Each structure stands twice: as structure tokens, then as C-alpha cells.
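Chemist: Below is one structure. I have some questions about it.
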Amino acid sequence: MTDIELGGPVNISLTAYPDDIYQAEVTEISDAYYDSSSNVVYDVTVTITSDASGLFQGMTGDVTFVTKESEEVLYVSNRAITRSGTKSYVKMRDSNGNVTQVEVTTGFSDGVYVEIIDGLSEGDVVLIESVVSD
């Protein structure tokens with residue numbers, strides 16, 4: 001909750017229109033209160049700012065609060081990153097076809113993808129190791 005603020009951007013995906021994302025903004029945040037399970041709860045109101053034609057009361061969907069955003073960045077799958085101490089690496093093939101480890105500087109991650117700030121260029125191919133089990 002500390003990252004959600006009034007006027008903050010929100011993306012809404014409705015079950016009825018799974019391929020459409022509606023833009024919205026946070027217009028109200030209630031004071032904290034405890035529910036019946038002693039969880040801290042905040043009521044947050046969002047208002048759709050994009051075209052809302054075709055939407056009806058009672059539609060269900062998911063709300064995503066945008067707390068950090070990066071545009072036009074180089075990124076790889078989180079599974080491609082290995083870490084040793086404070087350093088991050090990806091595996092690549094060199095010109096002879098040998099697998100090598102290349103140090104990279106990482107940035108923002110959404111848990112699935114990781115921004116690469118330094119160490120790779122657009123078009124580089126990285127390797128992801130996986131285990132196949134019976």
C-alpha cells in the first residue's frame with residue numbers, strides 16, 4: 001500500500017474483454033481498518049480514464065496498480081539470470097560454440113522479466129537451463 005497513491009496509474013483487465021486493458025487512476029484511498037480476520041484493509045477507488053463504452057455495472061476483472069514502469073528497455077527472462085554474490089550473469093555461446101558466462105547489470109524486474117542495463121545488446125541470444133524429469 002505504501003506504493004499506491006492518489007492519481008497513480010492503474011490498468012484494468014475485464015473478464016468479458018480479456019484482450020483489452022483499460023487505463024484508470026486512483027481517486028480515493030480509505031483509512032486503514034481491520035477485517036474479521038484481523039487483516040489490515042484499505043478500500044481503494046479507481047476511475048477509468050480511457051474509453052469506457054461497452055462497459056456495464058457488475059462486470060468483473062483484475063486491477064493492477066502501476067507502481068514502477070520502464071519503457072523501451074532490453075530485458076530477458078528471469079530464468080536466464082544466475083547470481084553469484086552481488087553479481088548477475090547470463091549464459092551465451094561464444095564464436096566457437098562454447099557456453100560462456102557474461103556478467104550483466106540488471107535493473108527493474110516484474111518477477112518474470114529482468115531489465116538489462118549493461119552487458120548485453122539487442123539481438124544477443126542467451127541460454128536458459130532447464131531440467132527435464134520423468
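Naming scheme: A, B, ... for chains in displayed order of the C-alpha cells; residues 1 onward per chain; ligands 1 onward as shown.
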Write out as a list in words each polymer residue whose atoms come within 8 Å of segment 56-59 of chain A, counting only C-alpha atoms; drop sequence neighbours fewer than 3 positions from it.
Modeler: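 The residues that qualify are Leu14, Thr15 and Ala16 of chain A.
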Chemist: Need the shell around Thr86 of chain A: protein/DNA/RNA residues with any atom at most 12 Å away, counting only C-alpha atoms. Skip same-chain ones fewer than 5 positions apart. Format as a PyMOL selection string?
Modeler: chain A and resi 103-106
Chemist: Could you save the residues just selected, with all heavy atoms, as a short mmCIF file (atom, residue, chain, number, x, y, z; two decimals), in the first residue's frame?
Modeler:
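Saved as out-v5.cif:
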data_model
loop_
_atom_site.label_atom_id
_atom_site.label_comp_id
_atom_site.auth_asym_id
_atom_site.auth_seq_id
_atom_site.Cartn_x
_atom_site.Cartn_y
_atom_site.Cartn_z
N GLU A 103 28.85 -11.33 -17.48
CA GLU A 103 28.32 -10.51 -16.39
C GLU A 103 27.40 -9.44 -16.95
O GLU A 103 27.71 -8.81 -17.97
CB GLU A 103 29.45 -9.87 -15.59
CG GLU A 103 28.94 -9.10 -14.38
CD GLU A 103 30.07 -8.51 -13.53
OE1 GLU A 103 31.24 -8.86 -13.74
OE2 GLU A 103 29.74 -7.69 -12.67
N VAL A 104 26.26 -9.24 -16.30
CA VAL A 104 25.30 -8.22 -16.71
C VAL A 104 24.92 -7.37 -15.50
O VAL A 104 25.01 -7.82 -14.36
CB VAL A 104 24.03 -8.84 -17.33
CG1 VAL A 104 24.34 -9.52 -18.65
CG2 VAL A 104 23.33 -9.79 -16.38
N THR A 105 24.51 -6.16 -15.78
CA THR A 105 23.95 -5.29 -14.75
C THR A 105 22.45 -5.28 -14.94
O THR A 105 21.96 -4.96 -16.04
CB THR A 105 24.50 -3.86 -14.88
OG1 THR A 105 25.93 -3.91 -14.82
CG2 THR A 105 23.99 -2.97 -13.76
N THR A 106 21.72 -5.68 -13.91
CA THR A 106 20.26 -5.77 -14.02
C THR A 106 19.60 -4.56 -13.39
O THR A 106 20.18 -3.85 -12.57
CB THR A 106 19.75 -7.06 -13.34
OG1 THR A 106 20.11 -7.04 -11.96
CG2 THR A 106 20.32 -8.30 -14.01
#
Chemist: Select, from A:Glu69, A:Glu28, A:Asp20, A:Asp3, the residue with the minimum atom-to-atom distance to Gly107 of chain A, counting only C-alpha atoms.
Modeler: A:Glu69
Chemist: In Å, rounded to a single decimal, give me how far atom CA of Met1 of chain A is from atom CA of Ser38 of chain A.
Modeler: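 Computed distance, atom CA of Ser38 of chain A to atom CA of Met1 of chain A, equals 16.7 Å.
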Chemist: Compare A:Leu74, A:Tyr34, A:Val131, A:Ser53 by their minimum atom-to-atom distance to Asp118 of chain A, counting only C-alpha atoms, and give me the closest one.
Modeler: A:Leu74
Chemist: With only C-alpha atoms as the basis for distance, which of A:Asp124, A:Asp19, A:Glu5, A:Asp31 is at the shortest distance from Val46 of chain A?
Modeler: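 Of the candidates, the smallest distance to Val46 of chain A is held by A:Glu5.
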Chemist: Extract the full set of strand (DSSP E or B) residues from chain A according to DSSP on the backbone, and format it as a PyMOL selection string.
Modeler: chain A and resi 9-14+17-29+33-34+40-41+44-48+61-65+75-77+82-84+87-93+99-109+113-118+127
Chemist: How would the residues just chosen look if you wrote them out with C-alpha atoms as a short mmCIF file (atom, residue, chain, number, x, y, z; two decimals), in the first residue's frame?
Modeler:
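Final file, result35.cif:
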data_model
loop_
_atom_site.label_atom_id
_atom_site.label_comp_id
_atom_site.auth_asym_id
_atom_site.auth_seq_id
_atom_site.Cartn_x
_atom_site.Cartn_y
_atom_site.Cartn_z
CA PRO A 9 -1.95 4.87 -12.77
CA VAL A 10 -3.98 1.67 -12.83
CA ASN A 11 -4.58 -0.97 -15.52
CA ILE A 12 -7.87 -2.86 -15.56
CA SER A 13 -8.44 -6.15 -17.39
CA LEU A 14 -12.07 -7.26 -17.57
CA TYR A 17 -12.81 -8.36 -22.70
CA PRO A 18 -9.60 -10.28 -21.87
CA ASP A 19 -7.59 -8.69 -24.71
CA ASP A 20 -8.34 -5.10 -23.69
CA ILE A 21 -6.60 -3.09 -20.98
CA TYR A 22 -8.42 -0.05 -19.62
CA GLN A 23 -6.45 2.83 -18.12
CA ALA A 24 -7.60 4.27 -14.82
CA GLU A 25 -6.30 6.28 -11.89
CA VAL A 26 -6.59 6.04 -8.12
CA THR A 27 -9.21 8.56 -7.00
CA GLU A 28 -9.70 7.61 -3.34
CA ILE A 29 -7.91 5.61 -0.63
CA TYR A 33 -9.17 -0.77 9.13
CA TYR A 34 -9.14 -4.39 10.32
CA VAL A 40 -5.34 -4.57 7.57
CA VAL A 41 -7.67 -3.43 4.77
CA VAL A 44 -9.27 1.92 -2.98
CA THR A 45 -11.45 3.60 -5.60
CA VAL A 46 -10.23 3.82 -9.18
CA THR A 47 -11.79 5.74 -12.06
CA ILE A 48 -11.45 4.62 -15.67
CA GLY A 61 -11.89 -8.22 -13.76
CA ASP A 62 -8.45 -7.57 -12.35
CA VAL A 63 -6.95 -4.26 -11.24
CA THR A 64 -3.18 -3.74 -11.46
CA PHE A 65 -1.66 -0.77 -9.67
CA TYR A 75 15.14 -7.45 -20.97
CA VAL A 76 15.50 -11.21 -20.59
CA SER A 77 13.56 -13.91 -18.81
CA THR A 82 22.20 -16.58 -12.45
CA ARG A 83 23.65 -14.85 -9.43
CA SER A 84 26.88 -15.26 -7.54
CA LYS A 87 26.94 -10.16 -9.43
CA SER A 88 24.48 -11.30 -12.09
CA TYR A 89 25.29 -13.41 -15.15
CA VAL A 90 23.71 -14.86 -18.27
CA LYS A 91 24.98 -17.78 -20.31
CA MET A 92 25.74 -17.34 -24.00
CA ARG A 93 27.61 -19.19 -26.73
CA VAL A 99 28.95 -21.79 -23.40
CA THR A 100 30.32 -18.78 -21.53
CA GLN A 101 29.10 -16.73 -18.61
CA VAL A 102 28.68 -12.99 -19.25
CA GLU A 103 28.32 -10.51 -16.39
CA VAL A 104 25.30 -8.22 -16.71
CA THR A 105 23.95 -5.29 -14.75
CA THR A 106 20.26 -5.77 -14.02
CA GLY A 107 17.57 -3.24 -13.27
CA PHE A 108 13.84 -3.41 -12.71
CA SER A 109 12.11 -6.80 -12.64
CA TYR A 113 11.45 -10.49 -16.88
CA VAL A 114 14.55 -8.55 -15.83
CA GLU A 115 15.80 -5.31 -17.33
CA ILE A 116 19.39 -5.50 -18.58
CA ILE A 117 21.17 -2.17 -18.07
CA ASP A 118 24.62 -3.29 -19.22
CA LEU A 127 20.65 -19.58 -22.80
#
